[in-house]
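For reference, input-v4.cif is printed below; it contains mmCIF, C-alpha atoms.
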```
data_query
#
loop_
_atom_site.label_atom_id
_atom_site.label_comp_id
_atom_site.auth_asym_id
_atom_site.auth_seq_id
_atom_site.Cartn_x
_atom_site.Cartn_y
_atom_site.Cartn_z
CA MET A 24 -117.29 -23.38 100.05
CA LYS A 25 -115.50 -26.01 102.11
CA TYR A 26 -116.41 -29.71 102.18
CA LEU A 27 -115.47 -32.31 104.74
CA ILE A 28 -115.83 -35.90 103.57
CA LYS A 29 -115.96 -38.09 106.67
CA ASN A 30 -115.02 -41.69 107.38
CA GLY A 31 -114.57 -42.95 103.83
CA ARG A 32 -112.11 -45.56 102.66
CA VAL A 33 -109.62 -43.16 101.09
CA ILE A 34 -107.70 -44.84 98.27
CA ASP A 35 -104.92 -42.64 96.92
CA PRO A 36 -102.40 -44.90 95.15
CA ALA A 37 -100.12 -42.01 94.19
CA ASN A 38 -99.47 -41.40 97.88
CA LYS A 39 -99.78 -45.05 99.00
CA ILE A 40 -102.89 -44.37 101.08
CA ASP A 41 -105.63 -46.92 101.74
CA ASP A 42 -107.30 -46.19 105.07
CA ILE A 43 -110.44 -44.89 106.75
CA LEU A 44 -109.86 -41.14 106.69
CA ASP A 45 -111.44 -37.72 106.29
CA VAL A 46 -110.81 -35.38 103.37
CA LEU A 47 -111.05 -31.60 103.75
CA ILE A 48 -111.62 -29.54 100.60
CA SER A 49 -111.02 -25.79 100.61
CA ASP A 50 -110.88 -23.25 97.77
CA GLY A 51 -110.98 -25.98 95.16
CA LYS A 52 -107.96 -27.81 96.55
CA ILE A 53 -107.23 -30.72 98.86
CA GLU A 54 -106.44 -29.06 102.20
CA LYS A 55 -106.01 -32.11 104.39
CA VAL A 56 -106.38 -35.91 104.44
CA ASP A 57 -106.26 -37.33 107.95
CA LYS A 58 -108.14 -39.20 110.65
CA ASN A 59 -110.85 -37.37 112.62
CA ILE A 60 -110.38 -33.92 111.09
CA ASP A 61 -111.89 -31.34 113.46
CA ALA A 62 -113.79 -28.73 111.47
CA SER A 63 -115.87 -27.35 114.35
CA ASN A 64 -114.24 -23.93 114.05
CA LEU A 65 -114.80 -23.67 110.30
CA ILE A 66 -117.71 -21.73 108.83
CA ARG A 67 -119.53 -22.37 105.57
CA ILE A 68 -118.60 -26.02 105.50
CA ILE A 69 -120.65 -28.95 104.24
CA ARG A 70 -120.06 -32.32 105.91
CA LEU A 71 -120.60 -35.48 103.89
CA GLU A 72 -120.68 -38.89 105.53
CA ALA A 73 -118.84 -41.49 103.45
CA GLU A 74 -118.86 -44.51 105.74
CA GLY A 75 -118.78 -47.67 103.64
CA MET A 76 -117.78 -45.64 100.56
CA ILE A 77 -114.55 -45.44 98.59
CA VAL A 78 -113.10 -41.94 98.26
CA ALA A 79 -110.53 -41.70 95.47
CA PRO A 80 -108.94 -39.29 93.01
CA GLY A 81 -111.31 -38.53 90.15
CA LEU A 82 -110.96 -40.98 87.28
CA VAL A 83 -109.06 -39.90 84.18
CA ASP A 84 -110.06 -41.22 80.76
CA MET A 85 -107.25 -40.82 78.27
CA HIS A 86 -109.36 -41.91 75.28
CA THR A 87 -112.70 -40.13 74.81
CA HIS A 88 -114.45 -39.07 71.62
CA LEU A 89 -116.46 -35.91 72.24
CA ARG A 90 -117.22 -35.48 68.50
CA GLU A 91 -117.19 -31.67 68.72
CA PRO A 92 -116.64 -29.95 66.35
CA GLY A 93 -118.56 -31.47 63.45
CA ARG A 94 -120.65 -34.33 64.83
CA GLU A 95 -122.65 -32.69 67.57
CA ASP A 96 -125.53 -35.00 66.67
CA GLU A 97 -123.48 -37.82 68.23
CA GLU A 98 -121.92 -36.04 71.22
CA THR A 99 -120.91 -32.61 72.47
CA VAL A 100 -118.47 -31.32 75.05
CA LEU A 101 -121.44 -30.73 77.36
CA THR A 102 -123.14 -34.11 77.01
CA GLY A 103 -119.86 -36.01 76.95
CA THR A 104 -118.60 -34.44 80.14
CA LEU A 105 -121.95 -35.02 81.86
CA ALA A 106 -121.60 -38.69 80.91
CA ALA A 107 -118.05 -38.60 82.25
CA LEU A 108 -119.21 -37.31 85.63
CA ARG A 109 -121.83 -40.03 85.93
CA GLY A 110 -119.06 -42.58 85.42
CA GLY A 111 -116.74 -40.99 87.99
CA PHE A 112 -114.42 -39.31 85.48
CA THR A 113 -113.30 -35.83 86.42
CA SER A 114 -110.94 -35.52 83.45
CA VAL A 115 -111.05 -36.77 79.88
CA ALA A 116 -108.65 -36.52 76.95
CA CYS A 117 -110.65 -35.87 73.80
CA MET A 118 -109.45 -37.52 70.61
CA PRO A 119 -108.91 -35.68 67.31
CA ASN A 120 -111.16 -37.55 64.88
CA THR A 121 -113.56 -34.63 64.72
CA GLU A 122 -114.78 -32.85 61.59
CA PRO A 123 -112.45 -31.15 60.83
CA ALA A 124 -109.67 -33.00 62.62
CA LEU A 125 -107.82 -31.32 65.47
CA ASP A 126 -104.73 -30.84 63.33
CA ASN A 127 -103.82 -27.16 63.76
CA PRO A 128 -103.54 -24.56 66.53
CA ALA A 129 -106.55 -22.55 65.37
CA ILE A 130 -109.02 -25.40 65.75
CA ILE A 131 -107.47 -26.41 69.07
CA ARG A 132 -107.92 -22.87 70.36
CA SER A 133 -111.51 -22.87 69.14
CA LEU A 134 -112.21 -26.14 70.94
CA LYS A 135 -110.64 -24.73 74.11
CA ASP A 136 -113.18 -21.88 73.96
CA THR A 137 -116.01 -24.43 73.74
CA ILE A 138 -114.54 -26.42 76.62
CA LYS A 139 -114.30 -23.31 78.78
CA LYS A 140 -117.96 -22.55 78.07
CA ASP A 141 -119.57 -26.00 78.16
CA ALA A 142 -117.41 -28.60 79.90
CA ARG A 143 -118.58 -29.98 83.24
CA ALA A 144 -115.35 -31.95 83.74
CA ASN A 145 -111.74 -31.21 82.83
CA VAL A 146 -111.07 -31.75 79.13
CA PHE A 147 -107.54 -32.19 77.80
CA ILE A 148 -107.01 -32.07 74.05
CA VAL A 149 -105.25 -34.69 71.91
CA GLY A 150 -104.23 -33.26 68.55
CA SER A 151 -103.61 -35.11 65.30
CA ILE A 152 -100.31 -36.76 64.39
CA THR A 153 -100.85 -35.99 60.70
CA GLU A 154 -102.74 -33.39 58.76
CA ALA A 155 -106.42 -34.37 58.44
CA ARG A 156 -105.43 -37.68 60.06
CA ALA A 157 -104.52 -38.79 56.54
CA GLY A 158 -101.14 -40.28 57.47
CA LYS A 159 -99.25 -38.31 54.81
CA ARG A 160 -97.62 -35.35 56.53
CA ALA A 161 -97.03 -34.81 60.23
CA THR A 162 -98.45 -31.76 61.95
CA ASP A 163 -96.22 -29.24 63.70
CA PHE A 164 -95.99 -30.71 67.20
CA HIS A 165 -94.38 -27.57 68.64
CA LYS A 166 -97.33 -25.44 67.56
CA MET A 167 -99.82 -28.12 68.65
CA LYS A 168 -98.31 -28.29 72.12
CA LYS A 169 -98.14 -24.51 72.42
CA ALA A 170 -101.84 -24.31 71.50
CA GLY A 171 -102.70 -26.74 74.30
CA ALA A 172 -102.47 -30.34 73.05
CA VAL A 173 -101.29 -32.78 75.73
CA ALA A 174 -100.67 -35.60 73.22
CA VAL A 175 -101.13 -36.43 69.54
CA SER A 176 -102.91 -39.32 67.82
CA ASP A 177 -104.52 -40.20 64.52
CA ASP A 178 -106.97 -42.31 66.49
CA GLY A 179 -109.21 -44.39 64.30
CA SER A 180 -106.36 -44.45 61.80
CA SER A 181 -102.87 -45.86 62.09
CA VAL A 182 -99.92 -44.06 60.54
CA ASP A 183 -99.11 -46.52 57.76
CA ASP A 184 -96.03 -44.81 56.32
CA GLU A 185 -92.98 -45.83 58.34
CA LEU A 186 -91.05 -42.69 57.40
CA VAL A 187 -93.92 -40.46 58.51
CA MET A 188 -94.18 -42.37 61.78
CA SER A 189 -90.44 -42.11 62.36
CA GLY A 190 -90.56 -38.38 61.79
CA ALA A 191 -93.49 -38.07 64.18
CA LEU A 192 -91.60 -39.99 66.87
CA GLU A 193 -88.61 -37.71 66.39
CA GLN A 194 -90.85 -34.66 66.82
CA SER A 195 -92.53 -36.19 69.85
CA LYS A 196 -89.14 -36.74 71.47
CA GLU A 197 -88.02 -33.16 70.76
CA GLU A 198 -91.25 -31.65 72.08
CA SER A 199 -91.92 -34.16 74.89
CA LEU A 200 -95.37 -34.69 73.38
CA LEU A 201 -96.76 -38.19 73.69
CA ILE A 202 -97.88 -40.17 70.63
CA ILE A 203 -100.98 -42.33 71.19
CA GLU A 204 -101.15 -44.84 68.36
CA HIS A 205 -104.15 -46.72 67.01
CA CYS A 206 -102.40 -49.86 65.80
CA GLU A 207 -104.07 -51.31 62.72
CA ASP A 208 -102.73 -52.40 59.36
CA ARG A 209 -105.71 -51.74 57.13
CA LYS A 210 -104.26 -53.92 54.39
CA VAL A 211 -104.73 -56.82 56.80
CA SER A 212 -108.00 -55.80 58.46
CA GLY A 213 -109.53 -54.91 55.11
CA LYS A 214 -113.32 -54.91 55.18
CA GLY A 215 -113.52 -57.05 58.31
CA VAL A 216 -116.21 -56.27 60.85
CA MET A 217 -115.46 -58.64 63.76
CA ASN A 218 -112.67 -60.88 65.02
CA HIS A 219 -111.35 -63.34 62.42
CA SER A 220 -112.36 -66.72 63.81
CA PHE A 221 -114.65 -69.71 63.40
CA THR A 222 -117.36 -67.60 65.04
CA ALA A 223 -117.13 -65.04 62.24
CA THR A 224 -117.36 -67.83 59.67
CA LYS A 225 -120.49 -69.23 61.34
CA LEU A 226 -122.08 -65.79 61.37
CA GLY A 227 -121.18 -65.08 57.76
CA LEU A 228 -119.22 -61.96 58.73
CA LYS A 229 -115.81 -60.87 57.47
CA GLY A 230 -113.06 -61.15 60.05
CA ILE A 231 -110.34 -58.81 61.29
CA PRO A 232 -107.20 -60.88 61.98
CA SER A 233 -105.24 -60.31 65.17
CA GLU A 234 -102.20 -59.65 62.96
CA SER A 235 -103.71 -56.34 61.85
CA GLU A 236 -103.14 -55.10 65.41
CA TYR A 237 -100.12 -56.89 66.79
CA GLU A 238 -97.87 -56.56 63.73
CA ARG A 239 -98.44 -52.80 63.81
CA VAL A 240 -97.80 -52.78 67.58
CA LYS A 241 -94.53 -54.56 66.89
CA ARG A 242 -93.51 -52.11 64.16
CA ASN A 243 -94.28 -49.03 66.26
CA ILE A 244 -92.42 -50.37 69.27
CA GLU A 245 -89.39 -51.17 67.13
CA LEU A 246 -89.40 -47.60 65.79
CA ALA A 247 -89.76 -46.16 69.30
CA LYS A 248 -86.87 -48.33 70.49
CA LYS A 249 -84.65 -47.29 67.59
CA LEU A 250 -85.31 -43.59 68.24
CA SER A 251 -85.42 -43.81 72.06
CA ALA A 252 -88.87 -42.22 71.88
CA ARG A 253 -92.01 -42.73 73.93
CA ILE A 254 -95.11 -44.36 72.50
CA HIS A 255 -98.50 -45.26 73.95
CA ILE A 256 -100.49 -48.13 72.43
CA ALA A 257 -104.23 -47.52 72.38
CA HIS A 258 -107.02 -50.04 73.07
CA VAL A 259 -104.99 -53.27 73.13
CA SER A 260 -107.19 -56.26 72.31
CA THR A 261 -105.01 -59.27 71.46
CA ARG A 262 -102.85 -61.61 73.52
CA GLU A 263 -100.02 -61.26 71.00
CA SER A 264 -99.99 -57.49 71.52
CA VAL A 265 -99.76 -57.99 75.28
CA ASP A 266 -96.78 -60.30 74.83
CA ILE A 267 -95.00 -57.87 72.49
CA ILE A 268 -95.51 -54.97 74.92
CA ARG A 269 -94.43 -57.09 77.89
CA ARG A 270 -91.16 -58.05 76.19
CA ALA A 271 -90.56 -54.46 75.03
CA LYS A 272 -90.94 -53.14 78.57
CA ALA A 273 -88.49 -55.75 79.83
CA ASP A 274 -86.10 -54.54 77.14
CA GLY A 275 -86.37 -50.95 78.36
CA VAL A 276 -88.52 -49.53 75.56
CA LYS A 277 -90.49 -46.42 76.59
CA VAL A 278 -93.89 -47.94 75.84
CA THR A 279 -97.16 -47.70 77.74
CA ALA A 280 -100.51 -49.25 76.87
CA GLU A 281 -104.22 -49.19 77.59
CA THR A 282 -107.14 -51.51 77.10
CA ALA A 283 -110.89 -50.86 77.39
CA PRO A 284 -113.58 -52.33 79.66
CA HIS A 285 -115.53 -53.92 76.80
CA TYR A 286 -112.55 -56.18 76.05
CA LEU A 287 -112.66 -57.34 79.66
CA ALA A 288 -116.42 -58.01 79.83
CA LEU A 289 -117.33 -59.25 76.33
CA THR A 290 -115.94 -61.67 73.76
CA GLU A 291 -116.54 -62.23 70.05
CA GLU A 292 -119.36 -64.63 70.93
CA CYS A 293 -121.49 -61.59 71.77
CA CYS A 294 -121.58 -60.71 68.06
CA ALA A 295 -123.81 -63.76 67.50
CA THR A 296 -126.85 -61.55 68.20
CA TYR A 297 -125.81 -59.26 65.31
CA ASP A 298 -126.24 -56.37 67.75
CA THR A 299 -124.27 -53.55 66.14
CA ASN A 300 -123.42 -52.29 69.63
CA THR A 301 -120.98 -55.20 69.81
CA LYS A 302 -119.13 -53.86 66.75
CA MET A 303 -115.99 -51.95 67.62
CA ASN A 304 -112.45 -51.42 66.35
CA PRO A 305 -110.38 -53.26 67.37
CA PRO A 306 -113.09 -55.91 67.60
CA LEU A 307 -114.12 -58.06 70.52
CA ARG A 308 -111.70 -60.98 70.59
CA SER A 309 -111.60 -64.49 72.03
CA LYS A 310 -111.84 -65.59 75.65
CA GLU A 311 -108.11 -66.38 75.54
CA ASP A 312 -107.40 -62.80 74.47
CA MET A 313 -109.59 -61.50 77.30
CA GLU A 314 -107.75 -63.57 79.88
CA GLU A 315 -104.36 -62.38 78.62
CA LEU A 316 -105.50 -58.76 78.83
CA LYS A 317 -106.37 -59.36 82.47
CA ARG A 318 -102.97 -60.92 83.08
CA GLY A 319 -101.40 -57.92 81.40
CA LEU A 320 -103.26 -55.57 83.71
CA LYS A 321 -102.21 -57.62 86.72
CA ASP A 322 -98.50 -57.74 85.89
CA GLY A 323 -98.27 -54.11 84.78
CA THR A 324 -97.85 -54.72 81.06
CA ILE A 325 -101.04 -52.75 80.47
CA ASP A 326 -100.81 -49.47 82.36
CA ALA A 327 -104.28 -47.99 81.99
CA ILE A 328 -107.94 -48.66 81.38
CA ALA A 329 -109.52 -46.19 78.97
CA THR A 330 -113.08 -46.11 77.68
CA ASP A 331 -112.61 -45.46 73.93
CA HIS A 332 -116.01 -43.78 74.32
CA ALA A 333 -117.26 -43.64 70.70
CA PRO A 334 -120.78 -42.23 70.33
CA HIS A 335 -122.98 -42.96 67.30
CA THR A 336 -126.62 -42.12 66.69
CA ASP A 337 -129.38 -44.74 66.72
CA SER A 338 -129.90 -44.28 63.00
CA GLU A 339 -126.23 -44.97 62.29
CA LYS A 340 -126.23 -48.15 64.34
CA ASP A 341 -129.69 -49.37 63.30
CA VAL A 342 -128.45 -51.03 60.11
CA GLU A 343 -127.03 -54.41 59.14
CA PHE A 344 -123.96 -55.39 61.16
CA ALA A 345 -121.62 -55.13 58.17
CA PHE A 346 -122.64 -51.54 57.46
CA ALA A 347 -122.76 -50.11 60.99
CA PRO A 348 -119.95 -47.85 62.21
CA PHE A 349 -117.45 -49.21 64.72
CA GLY A 350 -117.65 -48.02 68.31
CA VAL A 351 -119.58 -48.00 71.59
CA ILE A 352 -120.03 -45.50 74.39
CA GLY A 353 -118.34 -46.32 77.67
CA LEU A 354 -117.87 -43.40 80.05
CA GLU A 355 -120.85 -44.25 82.26
CA THR A 356 -120.15 -47.98 82.61
CA ALA A 357 -116.34 -48.20 82.66
CA LEU A 358 -115.82 -48.13 86.41
CA SER A 359 -118.60 -50.60 87.21
CA LEU A 360 -117.56 -53.07 84.50
CA SER A 361 -113.87 -52.84 85.38
CA ALA A 362 -114.52 -53.36 89.09
CA MET A 363 -116.86 -56.28 88.41
CA GLU A 364 -114.38 -57.98 86.07
CA LEU A 365 -111.18 -57.17 87.92
CA VAL A 366 -111.83 -56.43 91.61
CA ASP A 367 -114.73 -58.82 92.17
CA LYS A 368 -112.83 -61.58 90.35
CA LYS A 369 -109.65 -60.80 92.32
CA VAL A 370 -107.53 -59.85 89.34
CA LEU A 371 -106.79 -56.39 90.82
CA SER A 372 -107.32 -54.77 94.19
CA TRP A 373 -109.23 -51.52 94.49
CA PRO A 374 -106.00 -49.50 94.80
CA GLU A 375 -104.62 -51.20 91.70
CA LEU A 376 -107.79 -50.46 89.76
CA ILE A 377 -107.84 -46.80 90.84
CA ALA A 378 -104.22 -46.54 89.71
CA LYS A 379 -105.13 -47.91 86.26
CA MET A 380 -108.03 -45.47 85.91
CA SER A 381 -106.64 -42.33 87.53
CA VAL A 382 -102.98 -42.17 88.54
CA ASN A 383 -101.43 -43.94 85.55
CA PRO A 384 -103.41 -42.10 82.84
CA SER A 385 -102.46 -38.80 84.50
CA ASN A 386 -98.80 -39.75 84.60
CA ILE A 387 -98.78 -40.98 81.02
CA LEU A 388 -100.40 -37.77 79.76
CA GLY A 389 -98.29 -35.59 82.07
CA ILE A 390 -101.26 -33.83 83.64
CA ASP A 391 -101.59 -32.74 87.27
CA ARG A 392 -104.36 -35.11 88.28
CA GLY A 393 -104.80 -38.49 89.99
CA SER A 394 -103.69 -37.50 93.49
CA LEU A 395 -105.21 -36.41 96.81
CA LYS A 396 -102.03 -34.75 98.05
CA LYS A 397 -102.31 -31.43 99.85
CA GLY A 398 -102.74 -28.60 97.35
CA ALA A 399 -103.86 -30.86 94.50
CA PRO A 400 -107.02 -29.97 92.56
CA ALA A 401 -109.96 -31.39 94.51
CA ASP A 402 -111.09 -33.80 91.80
CA ILE A 403 -112.66 -36.65 93.75
CA VAL A 404 -114.95 -39.61 93.11
CA ILE A 405 -116.98 -41.26 95.87
CA ILE A 406 -118.00 -44.83 95.04
CA ASP A 407 -120.55 -47.08 96.72
CA PRO A 408 -118.85 -50.46 96.23
CA GLU A 409 -121.95 -52.49 97.13
CA LYS A 410 -124.61 -50.51 95.28
CA GLU A 411 -126.26 -52.31 92.37
CA TYR A 412 -128.18 -50.51 89.65
CA THR A 413 -129.66 -51.20 86.23
CA TYR A 414 -128.10 -49.32 83.34
CA THR A 415 -131.07 -48.27 81.21
CA LYS A 416 -131.23 -46.43 77.93
CA ASP A 417 -133.36 -43.68 79.46
CA SER A 418 -130.74 -43.02 82.12
CA ILE A 419 -127.83 -42.48 79.71
CA MET A 420 -126.34 -38.99 79.91
CA SER A 421 -124.43 -39.27 76.63
CA ARG A 422 -126.20 -37.89 73.58
CA SER A 423 -125.77 -41.29 71.91
CA LYS A 424 -127.05 -44.57 73.35
CA ASN A 425 -124.91 -47.17 71.54
CA SER A 426 -124.00 -49.41 74.44
CA PRO A 427 -124.03 -53.23 74.57
CA PHE A 428 -124.60 -53.01 78.34
CA ILE A 429 -128.10 -51.54 78.31
CA ASN A 430 -130.33 -53.33 80.86
CA TRP A 431 -127.34 -54.94 82.54
CA VAL A 432 -127.39 -54.98 86.34
CA LEU A 433 -124.14 -53.31 87.34
CA LYS A 434 -122.38 -52.83 90.67
CA HIS A 435 -120.06 -50.24 92.24
CA LYS A 436 -122.12 -47.12 91.61
CA VAL A 437 -120.65 -43.64 91.55
CA SER A 438 -122.24 -41.68 94.38
CA LYS A 439 -120.68 -38.21 94.14
CA VAL A 440 -118.07 -36.44 92.06
CA PHE A 441 -116.16 -33.26 92.84
CA VAL A 442 -114.41 -31.24 90.13
CA GLY A 443 -112.17 -28.44 91.32
CA GLY A 444 -113.70 -28.63 94.77
CA GLN A 445 -117.27 -28.24 93.53
CA LEU A 446 -119.90 -30.97 93.80
CA ALA A 447 -120.40 -31.70 90.10
CA TRP A 448 -122.37 -34.94 90.30
CA ASN A 449 -124.67 -36.23 93.00
CA GLY A 450 -125.89 -39.64 91.94
CA GLU A 451 -128.01 -40.26 94.99
#
```

Rendering of file as structure tokens:
Amino acid sequence: MKYLIKNGRVIDPANKIDDILDVLISDGKIEKVDKNIDASNLIRIIRLEAEGMIVAPGLVDMHTHLREPGREDEETVLTGTLAALRGGFTSVACMPNTEPALDNPAIIRSLKDTIKKDARANVFIVGSITEARAGKRATDFHKMKKAGAVAVSDDGSSVDDELVMSGALEQSKEESLLIIEHCEDRKVSGKGVMNHSFTATKLGLKGIPSESEYERVKRNIELAKKLSARIHIAHVSTRESVDIIRRAKADGVKVTAETAPHYLALTEECCATYDTNTKMNPPLRSKEDMEELKRGLKDGTIDAIATDHAPHTDSEKDVEFAFAPFGVIGLETALSLSAMELVDKKVLSWPELIAKMSVNPSNILGIDRGSLKKGAPADIVIIDPEKEYTYTKDSIMSRSKNSPFINWVLKHKVSKVFVGGQLAWNGE
């Protein structure tokens, strides 16, 4: 089946396109992007009017927890990718903190079978840096890559041992396999549950100091510099981390970084309700941290926006704040929140935002996505930039409902999503 998307604002940062154009899809690929494409001689073609809409490469989330295998009560490949589609994501990179961890070729191959059967969007696999994500012994990156991993991470856990981390960086350099590092010194964060601040003291909650993140960011960047290796810093939350990454980039270190929409829309003050859906790791920080994250996105210090989609069941979250697990879902709200905080507030333009959520994640992971060039996979999101909607619990596609944004009125609604040239989501 062929599709002709007419008269949309086509934003394709990879090819420096931002214009009112048509997009022709054929055999799952982008056939043509041009003005006034004549398809009168084509048969079996569906025409879609996109006037007033944004037509862009499908979003790519480089930090998604699909929980399968092991915690299918929280999320599955099927439900997670359905949630991804609703949020405009045509590709996600699933993290390895499953049960068991994605730390060997056999389990990666098994997950690939599940993905082939159940996934509604593209799923790329991130394997573990260390066996069982225990930080003791690195996995075999050559075998992990051969099995299909596009990157490695111990996400949810930082690699504490400097020798183990150095060895992992050496392997990553030899195999050209990216390390995505959760930066947290657990000796510093301890039993903290929110940002260490006067707010935490008022609420009677134990704090997580900024140092637990930025000192580990500093250590990992220094190791990457010493070994001339690449490293990607996950879910940056502090202004000190932004400054360290900014200076490292200026010094030529091969470092990239991401932050998440909840750090752009919420601050630690939101924890005053004791809503466990405001509990995440790293935690919500101060307004000053939020503003520095936005500056980092603007000046290119922070390369990508990733969801850190972390599903938990109602029963897990319906406990006292101190005992609830860290994490919130984010696939379905990421685009709207990011556009509201960054585009509407004139921090980024639409092309800059699309780059942060599609082109840059693709480039960092080394996957063939994020472009509308001729012959590229027809992974496309169509966005209604003026459409407002209420994000309700009943409407959530994810198996878990742990979002702090329930009942928020959001803007910039995803209208349609194509995956491999097929209409995979029709939000109208």

Handout entry: Sphere at (-116.9, -42.0, 98.1), radius 10 Å, counting all atoms listed in the file: residues as a list in words
Key = Ile28, Lys29, Asn30, Gly31, Arg32, Val33, Ile34, Leu71, Glu72, Ala73, Glu74, Gly75, Met76, Ile77, Val78, Ala79, Pro80, Ile403, Val404, Ile405, Ile406, Asp407, Pro408, Lys436, Val437, Ser438, Lys439 and Val440 of chain A

Problem - Within 12 Å of Glu281 (chain A) using only C-alpha atoms, minus same-chain residues under 6 positions, as a PyMOL selection string - result: chain A and resi 84-86+203-206+254-261+264-265+268+287+316-317+319-320+323-331+379-380+383-384+387

The selected residues should be written to file as a compact mmCIF listing (two decimals), keeping the file's coordinate frame (atoms: C-alpha atoms).
```txt
# COMPACT_ATOMS: atom_id res chain seq x y z
CA ASP A 84 -110.06 -41.22 80.76
CA MET A 85 -107.25 -40.82 78.27
CA HIS A 86 -109.36 -41.91 75.28
CA ILE A 203 -100.98 -42.33 71.19
CA GLU A 204 -101.15 -44.84 68.36
CA HIS A 205 -104.15 -46.72 67.01
CA CYS A 206 -102.40 -49.86 65.80
CA ILE A 254 -95.11 -44.36 72.50
CA HIS A 255 -98.50 -45.26 73.95
CA ILE A 256 -100.49 -48.13 72.43
CA ALA A 257 -104.23 -47.52 72.38
CA HIS A 258 -107.02 -50.04 73.07
CA VAL A 259 -104.99 -53.27 73.13
CA SER A 260 -107.19 -56.26 72.31
CA THR A 261 -105.01 -59.27 71.46
CA SER A 264 -99.99 -57.49 71.52
CA VAL A 265 -99.76 -57.99 75.28
CA ILE A 268 -95.51 -54.97 74.92
CA LEU A 287 -112.66 -57.34 79.66
CA LEU A 316 -105.50 -58.76 78.83
CA LYS A 317 -106.37 -59.36 82.47
CA GLY A 319 -101.40 -57.92 81.40
CA LEU A 320 -103.26 -55.57 83.71
CA GLY A 323 -98.27 -54.11 84.78
CA THR A 324 -97.85 -54.72 81.06
CA ILE A 325 -101.04 -52.75 80.47
CA ASP A 326 -100.81 -49.47 82.36
CA ALA A 327 -104.28 -47.99 81.99
CA ILE A 328 -107.94 -48.66 81.38
CA ALA A 329 -109.52 -46.19 78.97
CA THR A 330 -113.08 -46.11 77.68
CA ASP A 331 -112.61 -45.46 73.93
CA LYS A 379 -105.13 -47.91 86.26
CA MET A 380 -108.03 -45.47 85.91
CA ASN A 383 -101.43 -43.94 85.55
CA PRO A 384 -103.41 -42.10 82.84
CA ILE A 387 -98.78 -40.98 81.02
```

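Using only C-alpha atoms, the shortest contact distance between Ala362 (chain A) and any of A:His88, A:Arg239, A:His165, A:Lys434 is found at A:Lys434.
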
At a cut-off of 12 Å, using all atoms listed in the file, what residues contact Val342 (chain A)? Leave out same-chain residues fewer than 6 positions from it and give the result as a compact mmCIF listing (two decimals) with C-alpha atoms, keeping the file's coordinate frame.
```
# COMPACT_ATOMS: atom_id res chain seq x y z
CA TYR A 297 -125.81 -59.26 65.31
CA ASP A 298 -126.24 -56.37 67.75
CA THR A 299 -124.27 -53.55 66.14
CA ASN A 300 -123.42 -52.29 69.63
CA LYS A 302 -119.13 -53.86 66.75
CA THR A 336 -126.62 -42.12 66.69
CA PRO A 348 -119.95 -47.85 62.21
```

Written as an mmCIF file with C-alpha atoms, in the coordinates of the input, what is the full residue list that the PyMOL selection byres ((chain A and resi 141-150) around 6) yields on the file shown?
```cif
data_model
loop_
_atom_site.group_PDB
_atom_site.id
_atom_site.type_symbol
_atom_site.label_atom_id
_atom_site.label_comp_id
_atom_site.auth_asym_id
_atom_site.auth_seq_id
_atom_site.Cartn_x
_atom_site.Cartn_y
_atom_site.Cartn_z
ATOM 1 C CA VAL A 100 -118.470 -31.320 75.050
ATOM 2 C CA LEU A 101 -121.440 -30.730 77.360
ATOM 3 C CA THR A 104 -118.600 -34.440 80.140
ATOM 4 C CA THR A 113 -113.300 -35.830 86.420
ATOM 5 C CA SER A 114 -110.940 -35.520 83.450
ATOM 6 C CA VAL A 115 -111.050 -36.770 79.880
ATOM 7 C CA ALA A 116 -108.650 -36.520 76.950
ATOM 8 C CA CYS A 117 -110.650 -35.870 73.800
ATOM 9 C CA MET A 118 -109.450 -37.520 70.610
ATOM 10 C CA PRO A 119 -108.910 -35.680 67.310
ATOM 11 C CA LEU A 125 -107.820 -31.320 65.470
ATOM 12 C CA ASP A 126 -104.730 -30.840 63.330
ATOM 13 C CA THR A 137 -116.010 -24.430 73.740
ATOM 14 C CA ILE A 138 -114.540 -26.420 76.620
ATOM 15 C CA LYS A 139 -114.300 -23.310 78.780
ATOM 16 C CA LYS A 140 -117.960 -22.550 78.070
ATOM 17 C CA SER A 151 -103.610 -35.110 65.300
ATOM 18 C CA ALA A 172 -102.470 -30.340 73.050
ATOM 19 C CA VAL A 173 -101.290 -32.780 75.730
ATOM 20 C CA ALA A 174 -100.670 -35.600 73.220
ATOM 21 C CA VAL A 175 -101.130 -36.430 69.540
#
```

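Of note, CA of Leu354 (chain A) and CA of Pro427 (chain A) are spaced 12.8 Å apart.
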
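Among the candidates A:Ser199, A:Thr153, A:Asn304, A:Thr279, the residue lying nearest to Glu236 (chain A) is A:Asn304 (atoms considered: all atoms listed in the file).
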
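Between CA of Glu411 (chain A) and CA of Val370 (chain A) the interatomic distance comes to 20.4 Å.
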